[in-house]
Amino acid sequence: MSVVQSKKNTNQRSQNRWLALVFLALAQFLVILDSSIVNIALPSIGHDLILSTDTLTWVIMAYIVPMGGLLLLGGRLADRFGHRRIFMIGVIGFIIGSTAAGMSSSIEWLLASRAIQGASAGFLAPSALALVTLLFTKPNERAKALGIWGIVAGLGSGVGVLLGGILTSLLGWSAIFFINVPIGVLVIAAIPRLITKDSISQNMKTDVLGAVTVTAGLGALVTALSAANQVELTTILSLAVIGLALLISFIFIEKRTKEPLLPFSIFQNASVTRGNLAMLLLGGATIGLFFGISVYMQNVLQYDALATGLAQLPLVGALIVSAGMIPVVMNRIGTERSLVGSLFLFAAGLIWLSFAPSNASFAIHLLGPTIVLGIGLGGSLVATTALAITGVAKREEGLAGGLVNSSQQLGGAVGITILVVLSAIRTETLTSSGHNTVDALTGGLSWVFIGAAVFAIIGALLVTFVQRKNN
């Protein structure tokens with residue numbers, strides 16, 4: 001009886017859930033890919049549009065800021081107006097933004113297009129994750145689904161550098177944006193055939209004031225942290241103060257309104273709290289890894305963009321295998337233990353990588369730690385996401401998706417700011433003490449890896465501590 005009932009429930013939204021998952025994950029792949037693929041193309045963009053290095057950083061910022069600011073709102077709107085509906089709006093917007101970006105002939109046009117991409121990603125990402133949780137309700141099936149989700153997400157993180165180098169060198173920088181269009185069109189064509197229409201919108205009022213304050217607050221804070229090395233200190237401090245003030249105002253607003261954008265009762269779920277704490281720290285550690293290893297390979301080892309991408313294939317391969325296997329581990333020993341173990345393994349790989357010298361041999365010094373990193377990161381991404389959405393009520397699944405994505409973005413912005421400062425201090429100290437430029441940079445990047453390892457270890461300890469406190 002229970003098997004029949006379970007089958008009936010899972011068929012309410014899709015007759016082919018696993019194929020639907022593939023297309024949902026493909027859309028998430030685009031979101032993550034566009035956070036990394038543009039880095040390799042920046043020199044070509046700067047040459048064609050005659051831009052300075054400082055201006056080029058805003059090509060990245062124009063995407064990150066609106067996405068980080070709108071993730072929470074996007075998730076809540078999906079809960080109210082329908083997860084498939086908001087997902088489709090996000091994908092359509094992403095296609096429009098990508099097309100416009102590829103056709104850009106000026107920096108103003110490009111930045112506006114990137115902002116459309118980022119805002120669309122803010123709606124797409126949480127609604128996609130919410131649809132996954134709706135399609136897969138049984139713990140063992142959800143774990144497998146999130147394993148596939150993690151594999152595709154890992155591909156987005158690791159393939160960006162390689163794909164960006166290939167497309168830019170062969171077809172020009174516009175190709176890194178145009179590549180999103182056929183994939184997005186494929187997703188739009190498939191999802192309506194695989195997932196049923198949303199039911200009538202829930203009787204929820206939109207918390208307009210809360211939405212404005214949290215979106216503006218997160219946007220200001222992410223801008224301040226992400227642009228810490230590009231603009232004046234007074235501007236950064238002003239943005240940070242404004243962002244924090246708006247977020248504090250948001251807390252007071254949410255406690256008073258009857259239909260809050262973010263009901264703080266969701267944090268009474270210990271799994272949600274643990275998952276978001278872990279994702280906050282993991283976001284910082286992950287961006288530290290990919291920033292540090294890309295700079296190390298290109299500026300220290302003198303790899304070109306294509307070689308840098310190829311050198312990261314073992315990491316990506318290990319990540320894919322790990323993300324596919326971690327659901328089995330989660331079902332046997334539990335999500336929390338799997339997450340803690342994965343985070344410690346990720347930290348071990350980072351510490352190992354920090355010992356790589358300035359004249360490193362890939363086979364001797366890099367292959368081993370990158371494989372360990374891939375295994376630890378793949379397991380951490382899947383287990384963290386699974387933990388952050390465990391036990392969430394159906395009417396808050398979009399919110400949970402937006403919350404965990406926001407934690408990752410905010411953690412990444414905070415993490416890279418801290419790690420870049422640590423790297424600069426270490427590099428300057430070594431230069432002052434007589435080390436050559438390459439050795440000094442290597443020493444600075446080793447602090448990036450060690451700092452990222454500390455983030456991962458703190459994340460593991462917080463998961464353990466909060467678990468004991470709540471249980």
# chains A, B, ... in the order shown; residues from 1 in each chain; ligands from 1
>>> residues_around(residues="A:Ala145", least_positions_apart="2", cutoff="9 Å", atoms="only C-alpha atoms", output="list in words")
Trp18, Leu21, Val132, Thr133, Phe136, Asn140, Glu141, Arg142, Ala143, Gly147, Ile148, Trp149, Gly150 and Pro327 of chain A
>>> closest_atom_pairs(of="stretch 225-282 of chain A", to="stretch 379-403 of chain A", cutoff="6 Å", atoms="only C-alpha atoms", output="Markdown table")
| residue | atom | partner | partner_atom | distance |
| --- | --- | --- | --- | --- |
| A:Ser271 | CA | A:Leu387 | CA | 5.5 |
| A:Val272 | CA | A:Ala388 | CA | 4.3 |
| A:Gly275 | CA | A:Ala388 | CA | 4.0 |
| A:Asn276 | CA | A:Ala388 | CA | 5.9 |
>>> write_last_selection(atoms="all heavy atoms", output="tab-separated table (two decimals), in the first residue's frame")
chain	number	residue	atom	x	y	z
A	271	SER	N	18.72	20.90	10.97
A	271	SER	CA	19.38	20.53	9.72
A	271	SER	C	19.57	21.74	8.81
A	271	SER	O	20.62	21.90	8.18
A	271	SER	CB	18.56	19.46	8.99
A	271	SER	OG	18.52	18.26	9.72
A	272	VAL	N	18.56	22.60	8.74
A	272	VAL	CA	18.66	23.82	7.94
A	272	VAL	C	19.79	24.70	8.47
A	272	VAL	O	20.59	25.25	7.71
A	272	VAL	CB	17.33	24.58	7.93
A	272	VAL	CG1	17.50	25.96	7.27
A	272	VAL	CG2	16.26	23.78	7.20
A	275	GLY	N	23.16	23.00	7.74
A	275	GLY	CA	23.47	23.02	6.32
A	275	GLY	C	23.90	24.38	5.83
A	275	GLY	O	24.83	24.51	5.03
A	276	ASN	N	23.24	25.43	6.29
A	276	ASN	CA	23.59	26.78	5.84
A	276	ASN	C	24.90	27.27	6.45
A	276	ASN	O	25.66	27.99	5.78
A	276	ASN	CB	22.45	27.75	6.15
A	276	ASN	CG	21.34	27.68	5.12
A	276	ASN	OD1	21.43	28.26	4.05
A	276	ASN	ND2	20.29	26.92	5.43
>>> atom_distance(atom1="atom CA of A:Arg274", atom2="atom CA of A:Val463")
5.1 Å
>>> atom_distance(atom1="atom CA of A:Leu30", atom2="atom CA of A:Phe291")
19.2 Å
>>> residues_around(residues="A:Thr370", least_positions_apart="3", cutoff="12 Å", atoms="only C-alpha atoms", output="ChimeraX atom specification")
/A:158,289-290,293,311-319,345-354,356,362-367,373-378,449
>>> write_last_selection(atoms="N, CA and C atoms", output="short mmCIF file (atom, residue, chain, number, x, y, z; two decimals), in the first residue's frame")
data_model
loop_
_atom_site.label_atom_id
_atom_site.label_comp_id
_atom_site.auth_asym_id
_atom_site.auth_seq_id
_atom_site.Cartn_x
_atom_site.Cartn_y
_atom_site.Cartn_z
N GLY A 158 34.29 23.32 -12.46
CA GLY A 158 35.59 22.92 -13.00
C GLY A 158 35.76 23.10 -14.48
N LEU A 289 39.83 27.91 -3.29
CA LEU A 289 40.52 26.86 -4.05
C LEU A 289 40.65 27.23 -5.51
N PHE A 290 39.55 27.55 -6.17
CA PHE A 290 39.59 27.78 -7.62
C PHE A 290 40.31 29.08 -7.97
N ILE A 293 44.23 28.12 -7.20
CA ILE A 293 44.86 27.16 -8.10
C ILE A 293 44.99 27.73 -9.52
N ALA A 311 44.68 20.83 -16.59
CA ALA A 311 45.30 20.40 -15.35
C ALA A 311 44.28 20.20 -14.22
N GLN A 312 43.11 20.81 -14.37
CA GLN A 312 42.09 20.67 -13.34
C GLN A 312 41.11 19.52 -13.63
N LEU A 313 41.33 18.81 -14.74
CA LEU A 313 40.45 17.70 -15.07
C LEU A 313 40.49 16.57 -14.03
N PRO A 314 41.66 16.21 -13.46
CA PRO A 314 41.63 15.19 -12.40
C PRO A 314 40.76 15.60 -11.21
N LEU A 315 40.82 16.88 -10.85
CA LEU A 315 39.99 17.38 -9.75
C LEU A 315 38.51 17.24 -10.10
N VAL A 316 38.16 17.65 -11.32
CA VAL A 316 36.77 17.56 -11.75
C VAL A 316 36.31 16.11 -11.83
N GLY A 317 37.18 15.25 -12.35
CA GLY A 317 36.83 13.84 -12.44
C GLY A 317 36.60 13.22 -11.07
N ALA A 318 37.47 13.54 -10.11
CA ALA A 318 37.30 13.02 -8.75
C ALA A 318 36.03 13.58 -8.12
N LEU A 319 35.73 14.83 -8.41
CA LEU A 319 34.52 15.46 -7.88
C LEU A 319 33.27 14.74 -8.40
N LEU A 345 38.24 15.95 4.65
CA LEU A 345 39.03 15.47 3.51
C LEU A 345 39.36 16.63 2.57
N PHE A 346 38.40 17.51 2.35
CA PHE A 346 38.63 18.70 1.53
C PHE A 346 39.72 19.57 2.15
N ALA A 347 39.67 19.75 3.45
CA ALA A 347 40.69 20.54 4.14
C ALA A 347 42.07 19.89 4.02
N ALA A 348 42.12 18.56 4.11
CA ALA A 348 43.40 17.85 3.98
C ALA A 348 44.01 18.07 2.60
N GLY A 349 43.17 18.04 1.55
CA GLY A 349 43.67 18.30 0.21
C GLY A 349 44.21 19.72 0.05
N LEU A 350 43.53 20.68 0.67
CA LEU A 350 43.98 22.07 0.61
C LEU A 350 45.33 22.26 1.31
N ILE A 351 45.46 21.64 2.47
CA ILE A 351 46.73 21.74 3.21
C ILE A 351 47.86 21.08 2.41
N TRP A 352 47.57 19.93 1.81
CA TRP A 352 48.57 19.25 0.98
C TRP A 352 48.98 20.15 -0.19
N LEU A 353 48.01 20.77 -0.82
CA LEU A 353 48.29 21.65 -1.95
C LEU A 353 49.12 22.86 -1.55
N SER A 354 48.98 23.31 -0.31
CA SER A 354 49.71 24.50 0.16
C SER A 354 51.22 24.29 0.18
N ALA A 356 52.91 22.91 -2.30
CA ALA A 356 53.43 22.87 -3.67
C ALA A 356 54.44 24.00 -3.88
N PHE A 362 53.57 18.67 -12.06
CA PHE A 362 52.16 18.34 -11.89
C PHE A 362 51.97 16.94 -11.32
N ALA A 363 52.69 15.97 -11.89
CA ALA A 363 52.51 14.59 -11.46
C ALA A 363 52.95 14.37 -10.02
N ILE A 364 53.99 15.07 -9.60
CA ILE A 364 54.54 14.84 -8.26
C ILE A 364 53.84 15.69 -7.20
N HIS A 365 53.61 16.96 -7.50
CA HIS A 365 53.14 17.89 -6.46
C HIS A 365 51.64 18.22 -6.53
N LEU A 366 51.01 18.06 -7.68
CA LEU A 366 49.64 18.56 -7.83
C LEU A 366 48.60 17.47 -8.04
N LEU A 367 48.95 16.40 -8.70
CA LEU A 367 47.97 15.37 -9.03
C LEU A 367 47.32 14.78 -7.77
N LEU A 373 41.18 16.73 -3.23
CA LEU A 373 40.28 17.90 -3.21
C LEU A 373 38.97 17.60 -3.92
N GLY A 374 39.05 16.95 -5.07
CA GLY A 374 37.84 16.63 -5.81
C GLY A 374 36.93 15.70 -5.03
N ILE A 375 37.51 14.70 -4.37
CA ILE A 375 36.71 13.77 -3.57
C ILE A 375 36.04 14.50 -2.41
N GLY A 376 36.80 15.32 -1.71
CA GLY A 376 36.25 16.04 -0.56
C GLY A 376 35.22 17.08 -0.96
N LEU A 377 35.47 17.80 -2.06
CA LEU A 377 34.55 18.85 -2.49
C LEU A 377 33.25 18.25 -3.03
N GLY A 378 33.34 17.19 -3.82
CA GLY A 378 32.14 16.56 -4.35
C GLY A 378 31.23 16.07 -3.24
N PHE A 449 45.36 28.68 0.33
CA PHE A 449 44.94 27.28 0.50
C PHE A 449 44.78 26.92 1.97
#
>>> closest_residue(among="A:Leu124, A:Met325, A:Leu163, A:Leu209", to="A:Arg256", atoms="only C-alpha atoms")
A:Leu209
>>> closest_residue(among="A:Gly82, A:Pro182, A:Pro126, A:Gly217", to="A:Leu246", atoms="only C-alpha atoms")
A:Gly217
>>> residues_around(residues="stretch 32-34 of chain A", least_positions_apart="2", cutoff="7 Å", atoms="only C-alpha atoms", output="ChimeraX atom specification")
/A:28-30,36-38,153,156-157,160
>>> select_by_dssp(residues="stretch 253-340 of chain A", states="helix (DSSP H, G or I)", output="PyMOL selection string")
chain A and resi 253-256+264-268+270-300+305-311+313-333+335-340
>>> closest_residue(among="A:Tyr296, A:Ser113, A:Met103, A:Gly341", to="A:Ile457", atoms="only C-alpha atoms")
A:Gly341
>>> closest_residue(among="A:Val212, A:Ala456, A:Ala440, A:Leu49", to="A:Ser249", atoms="only C-alpha atoms")
A:Val212
